[in-house]
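K.L.:
I am sharing query_22.txt, which consists of compact mmCIF, C-alpha atoms:
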```txt
# COMPACT_ATOMS: atom_id res chain seq x y z
CA MET A 1 2.12 15.90 16.80
CA LYS A 2 4.57 16.77 14.05
CA LYS A 3 3.98 17.69 10.42
CA THR A 4 6.07 15.64 8.02
CA THR A 5 5.99 13.73 4.74
CA PHE A 6 5.23 10.08 4.09
CA ALA A 7 8.89 9.41 3.20
CA GLN A 8 10.15 11.21 6.30
CA ALA A 9 7.71 9.24 8.44
CA ILE A 10 9.19 6.01 7.11
CA ASN A 11 12.67 7.35 7.77
CA GLU A 12 11.66 8.19 11.34
CA ALA A 13 10.23 4.74 11.89
CA LEU A 14 13.46 3.13 10.68
CA GLU A 15 15.60 5.45 12.82
CA THR A 16 13.41 4.74 15.85
CA ALA A 17 13.54 0.98 15.42
CA LEU A 18 17.33 0.98 14.97
CA ARG A 19 17.80 3.23 17.99
CA ILE A 20 15.54 1.46 20.49
CA ASP A 21 16.37 -2.14 19.54
CA ASN A 22 19.94 -3.30 18.86
CA THR A 23 18.67 -6.46 17.18
CA VAL A 24 17.20 -4.46 14.26
CA ILE A 25 19.27 -4.45 11.06
CA LYS A 26 18.52 -2.63 7.82
CA TYR A 27 19.77 -3.46 4.33
CA GLY A 28 18.91 -3.35 0.64
CA LEU A 29 20.13 -1.98 -2.68
CA GLY A 30 20.62 1.77 -2.35
CA VAL A 31 19.92 1.96 1.37
CA THR A 32 23.20 3.81 1.93
CA ASP A 33 22.94 5.80 -1.32
CA PRO A 34 22.84 9.62 -0.85
CA TYR A 35 19.28 9.66 -2.25
CA GLY A 36 18.32 7.03 0.31
CA VAL A 37 15.55 5.16 -1.55
CA PHE A 38 13.27 8.15 -2.20
CA GLY A 39 14.62 9.73 0.99
CA THR A 40 13.34 6.98 3.26
CA THR A 41 16.77 5.71 4.38
CA LYS A 42 18.69 8.99 4.58
CA ASN A 43 21.09 9.46 7.51
CA LEU A 44 20.75 5.90 8.74
CA HIS A 45 24.49 5.50 8.12
CA LYS A 46 24.99 6.96 11.61
CA PHE A 47 24.35 3.45 12.84
CA SER A 48 27.17 0.96 12.41
CA GLN A 49 27.91 -0.70 9.08
CA ASP A 50 27.08 -3.99 10.73
CA ARG A 51 23.46 -2.85 11.11
CA VAL A 52 22.82 -0.60 8.08
CA PHE A 53 24.38 -1.64 4.77
CA ASP A 54 23.99 -2.03 1.02
CA MET A 55 23.68 -5.55 -0.37
CA PRO A 56 24.69 -7.50 -3.48
CA THR A 57 22.21 -7.77 -6.33
CA ALA A 58 21.20 -11.19 -5.08
CA GLU A 59 17.63 -10.85 -3.84
CA ASN A 60 16.89 -14.52 -3.20
CA ALA A 61 20.16 -15.14 -1.39
CA MET A 62 19.83 -12.01 0.73
CA THR A 63 16.28 -12.99 1.71
CA GLY A 64 17.77 -16.27 2.88
CA VAL A 65 20.26 -14.25 4.92
CA ALA A 66 17.29 -12.43 6.50
CA ILE A 67 15.67 -15.73 7.41
CA GLY A 68 18.85 -17.01 9.01
CA ALA A 69 19.40 -13.74 10.85
CA ALA A 70 15.83 -13.76 12.15
CA MET A 71 16.23 -17.34 13.39
CA GLY A 72 19.37 -16.14 15.17
CA GLY A 73 17.53 -13.41 17.04
CA LEU A 74 17.79 -10.36 14.74
CA LYS A 75 14.98 -8.28 13.22
CA PRO A 76 15.95 -7.69 9.55
CA ILE A 77 14.35 -4.95 7.46
CA MET A 78 14.92 -5.43 3.72
CA THR A 79 14.23 -2.71 1.15
CA HIS A 80 13.76 -3.12 -2.59
CA GLN A 81 13.38 0.00 -4.71
CA ARG A 82 10.84 -1.80 -6.91
CA LEU A 83 8.53 -4.66 -5.99
CA ASP A 84 9.47 -6.14 -9.37
CA PHE A 85 13.07 -6.70 -8.26
CA PHE A 86 11.95 -8.70 -5.23
CA LEU A 87 10.21 -11.33 -7.37
CA LEU A 88 13.60 -13.05 -7.62
CA ALA A 89 13.25 -13.84 -3.92
CA MET A 90 9.83 -15.50 -4.01
CA ASP A 91 11.35 -18.92 -3.35
CA GLN A 92 12.81 -17.90 0.01
CA LEU A 93 9.69 -15.91 0.92
CA VAL A 94 7.05 -18.48 -0.02
CA ASN A 95 8.82 -21.77 0.60
CA ASN A 96 10.68 -20.79 3.76
CA ALA A 97 9.83 -17.50 5.46
CA SER A 98 6.05 -17.89 5.29
CA LYS A 99 6.08 -21.50 6.54
CA PHE A 100 8.58 -21.78 9.38
CA TYR A 101 6.24 -20.62 12.16
CA PHE A 102 3.71 -23.24 11.03
CA MET A 103 6.14 -26.06 10.22
CA PHE A 104 8.03 -25.82 13.52
CA GLY A 105 4.95 -25.91 15.73
CA LYS A 106 4.95 -22.14 16.42
CA GLN A 107 8.33 -22.51 18.12
CA ILE A 108 10.26 -20.41 15.55
CA ASN A 109 9.41 -16.81 14.71
CA LEU A 110 10.80 -14.90 11.74
CA PRO A 111 10.47 -11.14 12.44
CA ILE A 112 11.33 -9.96 8.92
CA THR A 113 9.99 -6.76 7.35
CA ILE A 114 10.26 -6.39 3.57
CA ARG A 115 9.68 -2.91 2.13
CA LEU A 116 8.64 -2.91 -1.53
CA ILE A 117 7.92 0.17 -3.66
CA ILE A 118 4.96 0.04 -6.04
CA GLY A 119 3.30 2.59 -8.27
CA ARG A 120 2.70 4.29 -11.53
CA GLY A 121 3.94 7.26 -13.43
CA TRP A 122 6.83 9.01 -15.17
CA GLY A 123 7.95 6.14 -17.33
CA GLN A 124 7.46 3.38 -14.76
CA GLY A 125 6.58 0.69 -17.26
CA PRO A 126 5.90 -3.05 -17.02
CA THR A 127 9.11 -3.92 -15.14
CA HIS A 128 8.94 -1.12 -12.54
CA SER A 129 5.35 -0.55 -11.52
CA GLN A 130 3.61 -3.79 -10.62
CA SER A 131 1.28 -3.86 -7.64
CA LEU A 132 1.19 -7.54 -6.71
CA GLN A 133 -0.32 -7.48 -3.23
CA ALA A 134 -2.66 -10.31 -4.24
CA TRP A 135 0.35 -12.62 -4.77
CA PHE A 136 1.60 -12.10 -1.22
CA ALA A 137 -1.84 -12.10 0.42
CA HIS A 138 -2.54 -15.49 -1.17
CA ILE A 139 0.23 -17.11 0.88
CA PRO A 140 -0.61 -18.14 4.47
CA GLY A 141 1.87 -16.90 7.02
CA LEU A 142 2.50 -13.53 5.37
CA LYS A 143 1.02 -10.24 6.52
CA VAL A 144 0.61 -7.56 3.83
CA VAL A 145 0.19 -3.88 4.66
CA MET A 146 -0.35 -0.89 2.32
CA PRO A 147 -0.26 2.43 4.20
CA THR A 148 -1.93 5.51 2.73
CA THR A 149 -1.50 8.27 5.32
CA VAL A 150 1.63 9.71 6.90
CA LYS A 151 0.73 8.45 10.35
CA ASP A 152 0.21 4.95 9.00
CA ALA A 153 3.56 5.06 7.18
CA LYS A 154 5.29 5.41 10.54
CA GLY A 155 2.92 3.49 12.80
CA LEU A 156 2.42 0.51 10.51
CA LEU A 157 6.11 0.23 9.74
CA LEU A 158 7.06 0.15 13.41
CA GLU A 159 4.31 -2.39 14.05
CA SER A 160 5.63 -4.47 11.15
CA ILE A 161 9.23 -4.36 12.37
CA PHE A 162 8.26 -5.63 15.81
CA ASP A 163 5.74 -8.18 14.54
CA PRO A 164 7.05 -11.69 15.32
CA ASN A 165 6.63 -12.97 11.74
CA PRO A 166 7.12 -11.78 8.11
CA VAL A 167 5.39 -8.59 6.95
CA LEU A 168 5.33 -7.20 3.41
CA PHE A 169 5.23 -3.39 3.57
CA LEU A 170 4.07 -1.97 0.20
CA GLU A 171 4.69 1.75 -0.44
CA HIS A 172 3.25 3.64 -3.41
CA ARG A 173 5.85 6.07 -4.75
CA TRP A 174 3.24 8.79 -5.30
CA LEU A 175 2.63 8.87 -1.55
CA HIS A 176 6.21 9.64 -0.55
CA ASN A 177 5.69 13.43 -0.69
CA LEU A 178 2.25 13.38 0.92
CA GLU A 179 2.18 15.60 4.01
CA GLY A 180 0.46 14.89 7.30
CA GLU A 181 0.82 14.79 11.05
CA VAL A 182 2.31 12.01 13.09
CA GLU A 183 3.10 11.32 16.72
CA GLU A 184 6.77 11.64 17.70
CA SER A 185 6.68 9.05 20.48
CA ASP A 186 8.90 5.97 20.15
CA ASN A 187 5.91 3.93 21.25
CA PHE A 188 3.61 5.08 18.43
CA ARG A 189 2.11 2.12 16.60
CA VAL A 190 -0.76 1.45 14.17
CA ALA A 191 -2.26 -2.01 14.48
CA ILE A 192 -1.92 -4.47 11.60
CA GLY A 193 -5.28 -5.88 10.49
CA LYS A 194 -7.42 -2.86 11.28
CA ALA A 195 -8.94 -0.67 8.54
CA GLU A 196 -9.82 3.01 9.00
CA ILE A 197 -12.82 5.01 7.88
CA LEU A 198 -11.20 8.07 6.30
CA LYS A 199 -14.57 9.63 5.46
CA GLU A 200 -17.96 8.78 6.93
CA GLY A 201 -20.99 8.63 4.64
CA ASN A 202 -24.40 7.04 4.21
CA ASP A 203 -25.06 6.37 0.50
CA ILE A 204 -22.24 4.14 -0.72
CA THR A 205 -19.16 2.40 0.70
CA ILE A 206 -15.84 2.88 -1.11
CA ILE A 207 -13.27 0.26 -0.11
CA SER A 208 -9.79 1.31 -1.12
CA MET A 209 -6.07 0.87 -0.56
CA SER A 210 -2.84 2.85 -0.84
CA TYR A 211 -2.77 5.71 -3.40
CA MET A 212 -6.28 4.94 -4.69
CA SER A 213 -7.60 6.18 -1.34
CA ILE A 214 -6.21 9.63 -2.23
CA GLU A 215 -8.03 9.53 -5.58
CA ALA A 216 -11.16 8.46 -3.70
CA LEU A 217 -10.96 11.52 -1.43
CA HIS A 218 -10.86 13.79 -4.53
CA ALA A 219 -13.87 11.97 -5.98
CA ILE A 220 -15.84 12.16 -2.74
CA LYS A 221 -15.37 15.93 -2.57
CA GLU A 222 -16.85 16.29 -6.06
CA LEU A 223 -19.70 13.86 -5.40
CA GLU A 224 -20.76 15.87 -2.35
CA LYS A 225 -21.82 18.62 -4.78
CA TYR A 226 -24.42 16.15 -6.06
CA ASN A 227 -25.57 15.19 -2.55
CA ILE A 228 -23.97 11.75 -2.70
CA SER A 229 -22.52 10.82 0.67
CA CYS A 230 -19.64 8.32 0.39
CA GLU A 231 -18.05 6.31 3.18
CA LEU A 232 -14.36 5.64 2.48
CA ILE A 233 -12.68 2.63 4.10
CA ASP A 234 -8.91 2.65 3.77
CA LEU A 235 -7.90 -0.99 4.23
CA LYS A 236 -4.33 -0.31 5.39
CA THR A 237 -3.84 -4.08 5.78
CA ILE A 238 -4.51 -6.42 2.85
CA SER A 239 -3.83 -9.61 4.80
CA PRO A 240 -5.53 -10.05 7.17
CA ILE A 241 -8.44 -7.91 5.96
CA ASP A 242 -10.66 -6.13 8.49
CA TRP A 243 -13.99 -7.68 7.45
CA GLU A 244 -15.79 -6.36 10.52
CA THR A 245 -15.34 -2.72 9.45
CA ILE A 246 -16.31 -3.56 5.85
CA PHE A 247 -19.48 -5.46 6.79
CA LYS A 248 -20.60 -2.77 9.25
CA SER A 249 -20.37 -0.15 6.51
CA ILE A 250 -22.12 -2.35 3.92
CA GLU A 251 -25.03 -2.87 6.32
CA LYS A 252 -25.41 0.92 6.50
CA THR A 253 -24.99 1.95 2.85
CA GLN A 254 -26.02 -1.26 1.01
CA ARG A 255 -23.92 -0.14 -1.95
CA VAL A 256 -20.23 -0.76 -2.55
CA ILE A 257 -17.43 0.00 -4.96
CA VAL A 258 -13.90 -1.39 -4.48
CA LEU A 259 -10.71 0.30 -5.70
CA ASP A 260 -7.61 -1.77 -6.37
CA THR A 261 -4.14 -0.62 -7.47
CA SER A 262 -3.53 -3.86 -9.38
CA TYR A 263 -4.86 -5.88 -12.31
CA GLU A 264 -8.53 -6.81 -12.12
CA PHE A 265 -8.20 -10.60 -12.61
CA GLY A 266 -7.26 -12.44 -9.43
CA SER A 267 -7.22 -9.18 -7.50
CA ILE A 268 -7.86 -8.39 -3.85
CA GLY A 269 -10.74 -6.20 -5.08
CA ASN A 270 -12.44 -9.15 -6.73
CA ASP A 271 -11.98 -11.23 -3.58
CA ILE A 272 -13.60 -8.51 -1.46
CA ILE A 273 -16.55 -8.26 -3.84
CA ALA A 274 -16.98 -12.05 -3.82
CA LYS A 275 -17.05 -12.13 -0.02
CA ILE A 276 -19.53 -9.23 0.18
CA SER A 277 -21.74 -10.85 -2.45
CA ILE A 278 -21.79 -14.13 -0.51
CA GLU A 279 -22.56 -12.50 2.83
CA TYR A 280 -24.84 -9.63 1.74
CA PHE A 281 -26.35 -10.63 -1.61
CA ASN A 282 -29.94 -10.03 -0.47
CA LYS A 283 -29.17 -6.71 1.23
CA LEU A 284 -27.31 -4.95 -1.57
CA LYS A 285 -29.39 -2.41 -3.52
CA VAL A 286 -27.18 -2.67 -6.62
CA ALA A 287 -24.43 -4.97 -7.88
CA PRO A 288 -20.96 -4.17 -6.48
CA LYS A 289 -18.47 -2.45 -8.75
CA LEU A 290 -14.69 -2.76 -9.08
CA ILE A 291 -12.17 -0.26 -10.38
CA ALA A 292 -8.81 -1.90 -11.13
CA LEU A 293 -6.24 -2.01 -13.90
CA PRO A 294 -6.84 -3.80 -17.21
CA ASN A 295 -5.41 -7.31 -17.46
CA ILE A 296 -2.42 -6.21 -19.52
CA HIS A 297 1.06 -5.04 -18.53
CA SER A 298 1.40 -1.39 -17.64
CA PRO A 299 2.61 0.68 -20.61
CA THR A 300 5.51 3.11 -20.42
CA SER A 301 4.55 5.85 -22.86
CA TYR A 302 2.78 9.02 -21.79
CA SER A 303 -0.11 8.55 -24.19
CA LEU A 304 -0.80 4.89 -23.42
CA THR A 305 -0.73 5.34 -19.65
CA LYS A 306 -3.46 7.97 -19.91
CA GLU A 307 -6.10 5.35 -20.63
CA TYR A 308 -4.52 2.62 -18.51
CA TYR A 309 -4.47 4.01 -14.99
CA LYS A 310 -7.59 4.90 -12.98
CA ASP A 311 -8.21 8.07 -11.03
CA ALA A 312 -10.88 10.20 -9.36
CA LYS A 313 -12.71 10.75 -12.64
CA ASN A 314 -13.19 7.01 -13.10
CA ILE A 315 -14.51 6.73 -9.55
CA ILE A 316 -16.99 9.55 -10.10
CA GLU A 317 -18.16 8.07 -13.39
CA GLU A 318 -18.78 4.63 -11.86
CA ILE A 319 -20.65 6.03 -8.87
CA SER A 320 -22.74 8.29 -11.11
CA THR A 321 -23.97 5.20 -12.96
CA ILE A 322 -24.93 3.58 -9.67
CA PHE A 323 -27.08 6.59 -8.76
CA ASN A 324 -28.20 7.16 -12.36
CA ILE A 325 -27.17 10.81 -12.48
CA ASN A 326 -25.23 12.87 -15.01
CA ILE A 327 -22.05 14.55 -13.77
CA ASN A 328 -20.18 16.98 -16.00
CA LEU A 329 -16.46 16.35 -15.52
CA ASP A 330 -15.21 18.76 -18.18
CA ASN A 331 -13.91 21.19 -15.56
CA PHE A 332 -12.83 18.60 -13.00
CA ASN A 333 -9.15 19.35 -12.32
CA THR A 334 -6.86 16.35 -11.98
CA GLY A 335 -3.59 18.21 -12.51
CA PRO A 336 -1.53 19.30 -15.53
CA HIS A 337 -0.22 15.80 -16.34
CA HIS A 338 -1.89 12.47 -15.71
CA ASP A 339 1.36 10.56 -15.05
CA ILE A 340 2.76 12.63 -12.19
CA PRO A 341 1.14 13.35 -8.82
CA GLY A 342 2.04 17.06 -8.84
CA ASP A 343 4.34 19.79 -10.09
CA TRP A 344 6.81 18.97 -7.31
CA PHE A 345 7.49 15.51 -8.83
CA LYS A 346 10.88 15.45 -10.58
CA GLY A 347 11.32 11.75 -11.25
CA PRO A 348 11.22 8.32 -9.68
CA PHE A 349 14.58 8.67 -7.95
```
Translate this file's structure into structure tokens.
P.N.:
Amino acid sequence: MKKTTFAQAINEALETALRIDNTVIKYGLGVTDPYGVFGTTKNLHKFSQDRVFDMPTAENAMTGVAIGAAMGGLKPIMTHQRLDFFLLAMDQLVNNASKFYFMFGKQINLPITIRLIIGRGWGQGPTHSQSLQAWFAHIPGLKVVMPTTVKDAKGLLLESIFDPNPVLFLEHRWLHNLEGEVEESDNFRVAIGKAEILKEGNDITIISMSYMSIEALHAIKELEKYNISCELIDLKTISPIDWETIFKSIEKTQRVIVLDTSYEFGSIGNDIIAKISIEYFNKLKVAPKLIALPNIHSPTSYSLTKEYYKDAKNIIEEISTIFNININLDNFNTGPHHDIPGDWFKGPF
């Protein structure tokens, strides 16, 4: 095992894939930049310019190039420094990439991995911070993964690269400096479609994704002081969702709260609550709860973002209402500034 950061784990996964498989190619705006897309693509220039290269600002066209390359036997990995920029390529993704395996009788695979950065903070306003996993998960033929831990950053990315069909790999920028341990083996993989219980508990199930799982861990630690035992399920994959792990936990705790990084309306969180309500309506002790963003665009200013984004305090407050207890959060420390993950954060680039 090796201690590293989330960003370095992604970098290692990319280096591994390029080294062990000559059909892997890597491109995107800023991939060869010295900063290397938050450090995730640094030093990949050691591979040939035919395999690792910058691209024109032509997202839809370059996604079409990926489709053609995949049909020709390559494994393209595209990177976009903001999910928002990739929306220009939805035509190629939805109308072509997602459908070919189905339309051609499962005779054509498209092993394309598309890395998209999501997340809040430090002036990331309405055009740079959207978290639109629900859009992609709605389309059949697309897998959507959202790693939280360092090991999943590497293992899920390698699994995505060698998956036979398109995978959307969504990275929250606040996770890039998260530290953790990861296996160094070239064969290390984390399965797509399998959630993980990050914390076992008996009183309530928290279903979460991406950076919100980190906020959930802070909340759980505080709630333990009040003898509330939370079980935290980190989804890791948004499509397909691991319903088996969710249902098994719900049967045990009979209470649930879902955390989503996106807008509430039309969200993955709402879909999960709907499914749980249909399957377990008579077993739940209380109505499910959802913590997600308001149905307005994310603001840019420091003051407005303070009330917009959700964190551990919001989780604690919602769970305290479920158990009808008073929790004093006056001294609960969430850091010096609400719009940065820590003192080490110097900006989005």
K.L.:
Using all atoms listed in the file, tabulate the residues of range 263-349 of chain A lying at most 12 Å from any atom of range 208-211 of chain A, each with its closest atom pair and that distance in Å to one decimal, by chain and increasing residue number, as JSON lines.
P.N.:
```
{"residue": "A:Ile268", "atom": "CA", "partner": "A:Met209", "partner_atom": "CA", "distance": 10.0}
{"residue": "A:Gly269", "atom": "CA", "partner": "A:Ser208", "partner_atom": "CA", "distance": 8.5}
{"residue": "A:Ile272", "atom": "CA", "partner": "A:Ser208", "partner_atom": "CA", "distance": 10.5}
{"residue": "A:Leu290", "atom": "CA", "partner": "A:Ser208", "partner_atom": "CA", "distance": 10.2}
{"residue": "A:Ile291", "atom": "CA", "partner": "A:Ser208", "partner_atom": "CA", "distance": 9.7}
{"residue": "A:Ala292", "atom": "CA", "partner": "A:Ser208", "partner_atom": "CA", "distance": 10.6}
{"residue": "A:Tyr309", "atom": "CA", "partner": "A:Tyr211", "partner_atom": "CA", "distance": 11.8}
{"residue": "A:Lys310", "atom": "CA", "partner": "A:Tyr211", "partner_atom": "CA", "distance": 10.8}
{"residue": "A:Asp311", "atom": "CA", "partner": "A:Tyr211", "partner_atom": "CA", "distance": 9.7}
{"residue": "A:Ala312", "atom": "CA", "partner": "A:Tyr211", "partner_atom": "CA", "distance": 11.0}
{"residue": "A:Ile315", "atom": "CA", "partner": "A:Ser208", "partner_atom": "CA", "distance": 11.1}
{"residue": "A:Pro341", "atom": "CA", "partner": "A:Tyr211", "partner_atom": "CA", "distance": 10.2}
```
K.L.:
Could you state the separation of CA of Leu132 in chain A and CA of Ile118 in chain A in Å, given to one decimal place?
P.N.:
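Here the two named atoms are 8.5 Å from each other.
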K.L.:
Calculated over all atoms listed in the file, which of the candidates A:Tyr35, A:Phe6, A:Phe102, A:Phe162 has the smallest distance to Ile20 in chain A?
P.N.:
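With all atoms listed in the file as the atom set, the closest residue is A:Phe162.
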K.L.:
Taking only residues of range 68-179 of chain A that have an atom at most 12 Å from an atom of range 229-236 of chain A, what is each one's shortest atom pair and its distance in Å to one decimal, using all atoms listed in the file, in chain and number order, as CSV?
P.N.:
```
residue,atom,partner,partner_atom,distance
A:Gln133,CA,A:Lys236,CA,11.9
A:Lys143,CA,A:Lys236,CA,11.3
A:Val144,CA,A:Lys236,CA,8.9
A:Val145,CA,A:Lys236,CA,5.8
A:Met146,CA,A:Lys236,CA,5.1
A:Pro147,CA,A:Lys236,CA,5.0
A:Thr148,CA,A:Lys236,CA,6.8
A:Thr149,CA,A:Lys236,CA,9.0
A:Val150,CA,A:Lys236,CA,11.8
A:Lys151,CA,A:Lys236,CA,11.3
A:Asp152,CA,A:Lys236,CA,7.8
A:Ala153,CA,A:Lys236,CA,9.7
A:Gly155,CA,A:Lys236,CA,11.0
A:Leu156,CA,A:Lys236,CA,8.5
A:Leu157,CA,A:Lys236,CA,11.3
A:Phe169,CA,A:Lys236,CA,10.2
A:Leu170,CA,A:Lys236,CA,10.0
A:Glu171,CA,A:Lys236,CA,10.9
```
K.L.:
Put the listed atoms of range 17-32 of chain A in a box along x, y and z with 5 Å added on every side and give me the centre and edge lengths in Å to one decimal, as lines of an AutoDock Vina configuration file.
P.N.:
```
center_x = 18.4
center_y = -1.3
center_z = 8.9
size_x = 19.7
size_y = 20.3
size_z = 33.2
```
K.L.:
Quick one: everything within 7 Å of Ile340 in chain A, counting all atoms listed in the file, minus sequence neighbours fewer than 5 positions away in the same chain. Send it as an NGL selection string.
P.N.:
:A and (121-122 or 345)
K.L.:
Using all atoms listed in the file, determine which residues lie at most 7 Å from Lys289 in chain A, disregarding the query and same-chain residues fewer than 3 positions distant; provide the list as number ranges by chain.
P.N.:
A: 256-258
K.L.:
Which residue, A:Ala134, A:Leu168, A:Ile278, A:Ala287, has the smallest gap to Thr261 in chain A when you use all atoms listed in the file?
P.N.:
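Comparing A:Ala134, A:Leu168, A:Ile278, A:Ala287 against Thr261 in chain A, the winner is A:Ala134.
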K.L.:
For Lys285 in chain A, which residue out of A:Asp339, A:Asp84, A:Glu318, A:Asp203 is the nearest one, using all atoms listed in the file?
P.N.:
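Closest to Lys285 in chain A of all the choices is A:Asp203.
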K.L.:
Which of these, A:Leu87, A:Ile325, A:Ile273, A:Leu259, has the shortest distance to Thr127 in chain A once you count only C-alpha atoms?
P.N.:
A:Leu87
K.L.:
Between A:Ala58, A:Met1, A:Ile246, A:Leu217, which is the closest to Ile276 in chain A once you count all atoms listed in the file?
P.N.:
A:Ile246
K.L.:
Between A:Ser277, A:Thr205, A:Ser320, A:Ser301, which has the minimum distance to Lys252 in chain A (counting only C-alpha atoms)?
P.N.:
A:Thr205
K.L.:
At what distance in Å, to one decimal, does CA of Phe85 in chain A lie from CA of Glu59 in chain A?
P.N.:
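Here the two named atoms are 7.6 Å from each other.
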K.L.:
What's the separation between CA of Gly141 in chain A and CA of Ser98 in chain A, in Å to one decimal place?
P.N.:
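So the two atoms, CA of Gly141 in chain A and CA of Ser98 in chain A, lie 4.6 Å apart.
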K.L.:
Is it possible to add N, CA, C and O atoms to range 260-275 of chain A and hand it back as a compact mmCIF listing (two decimals), keeping the file's coordinate frame?
P.N.:
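Written output follows (part.txt):
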```txt
# COMPACT_ATOMS: atom_id res chain seq x y z
N ASP A 260 -8.82 -0.96 -6.50
CA ASP A 260 -7.61 -1.77 -6.37
C ASP A 260 -6.50 -1.14 -7.20
O ASP A 260 -6.76 -0.66 -8.31
N THR A 261 -5.27 -1.18 -6.72
CA THR A 261 -4.14 -0.62 -7.47
C THR A 261 -3.58 -1.59 -8.49
O THR A 261 -2.66 -1.25 -9.22
N SER A 262 -4.12 -2.81 -8.54
CA SER A 262 -3.53 -3.86 -9.38
C SER A 262 -4.47 -4.28 -10.50
O SER A 262 -5.53 -3.70 -10.70
N TYR A 263 -4.05 -5.35 -11.23
CA TYR A 263 -4.86 -5.88 -12.31
C TYR A 263 -6.17 -6.45 -11.75
O TYR A 263 -6.22 -6.97 -10.64
N GLU A 264 -7.21 -6.38 -12.57
CA GLU A 264 -8.53 -6.81 -12.12
C GLU A 264 -8.59 -8.32 -11.83
O GLU A 264 -9.06 -8.73 -10.78
N PHE A 265 -8.06 -9.15 -12.76
CA PHE A 265 -8.20 -10.60 -12.61
C PHE A 265 -7.35 -11.11 -11.44
O PHE A 265 -6.17 -10.81 -11.32
N GLY A 266 -7.98 -11.89 -10.57
CA GLY A 266 -7.26 -12.44 -9.43
C GLY A 266 -6.88 -11.39 -8.40
O GLY A 266 -5.96 -11.60 -7.61
N SER A 267 -7.60 -10.29 -8.37
CA SER A 267 -7.22 -9.18 -7.50
C SER A 267 -7.83 -9.28 -6.10
O SER A 267 -8.80 -10.01 -5.88
N ILE A 268 -7.28 -8.52 -5.18
CA ILE A 268 -7.86 -8.39 -3.85
C ILE A 268 -9.27 -7.78 -3.97
O ILE A 268 -10.19 -8.18 -3.27
N GLY A 269 -9.43 -6.82 -4.89
CA GLY A 269 -10.74 -6.20 -5.08
C GLY A 269 -11.80 -7.21 -5.44
O GLY A 269 -12.92 -7.18 -4.91
N ASN A 270 -11.48 -8.11 -6.36
CA ASN A 270 -12.44 -9.15 -6.73
C ASN A 270 -12.76 -10.06 -5.56
O ASN A 270 -13.89 -10.51 -5.39
N ASP A 271 -11.77 -10.37 -4.74
CA ASP A 271 -11.98 -11.23 -3.58
C ASP A 271 -12.91 -10.55 -2.57
O ASP A 271 -13.78 -11.20 -1.97
N ILE A 272 -12.73 -9.26 -2.39
CA ILE A 272 -13.60 -8.51 -1.46
C ILE A 272 -15.04 -8.52 -1.98
O ILE A 272 -15.99 -8.75 -1.21
N ILE A 273 -15.21 -8.28 -3.28
CA ILE A 273 -16.55 -8.26 -3.84
C ILE A 273 -17.20 -9.65 -3.74
O ILE A 273 -18.39 -9.76 -3.44
N ALA A 274 -16.43 -10.70 -3.95
CA ALA A 274 -16.98 -12.05 -3.82
C ALA A 274 -17.47 -12.30 -2.40
O ALA A 274 -18.58 -12.83 -2.19
N LYS A 275 -16.67 -11.90 -1.42
CA LYS A 275 -17.05 -12.13 -0.02
C LYS A 275 -18.30 -11.32 0.34
O LYS A 275 -19.23 -11.83 1.00
```
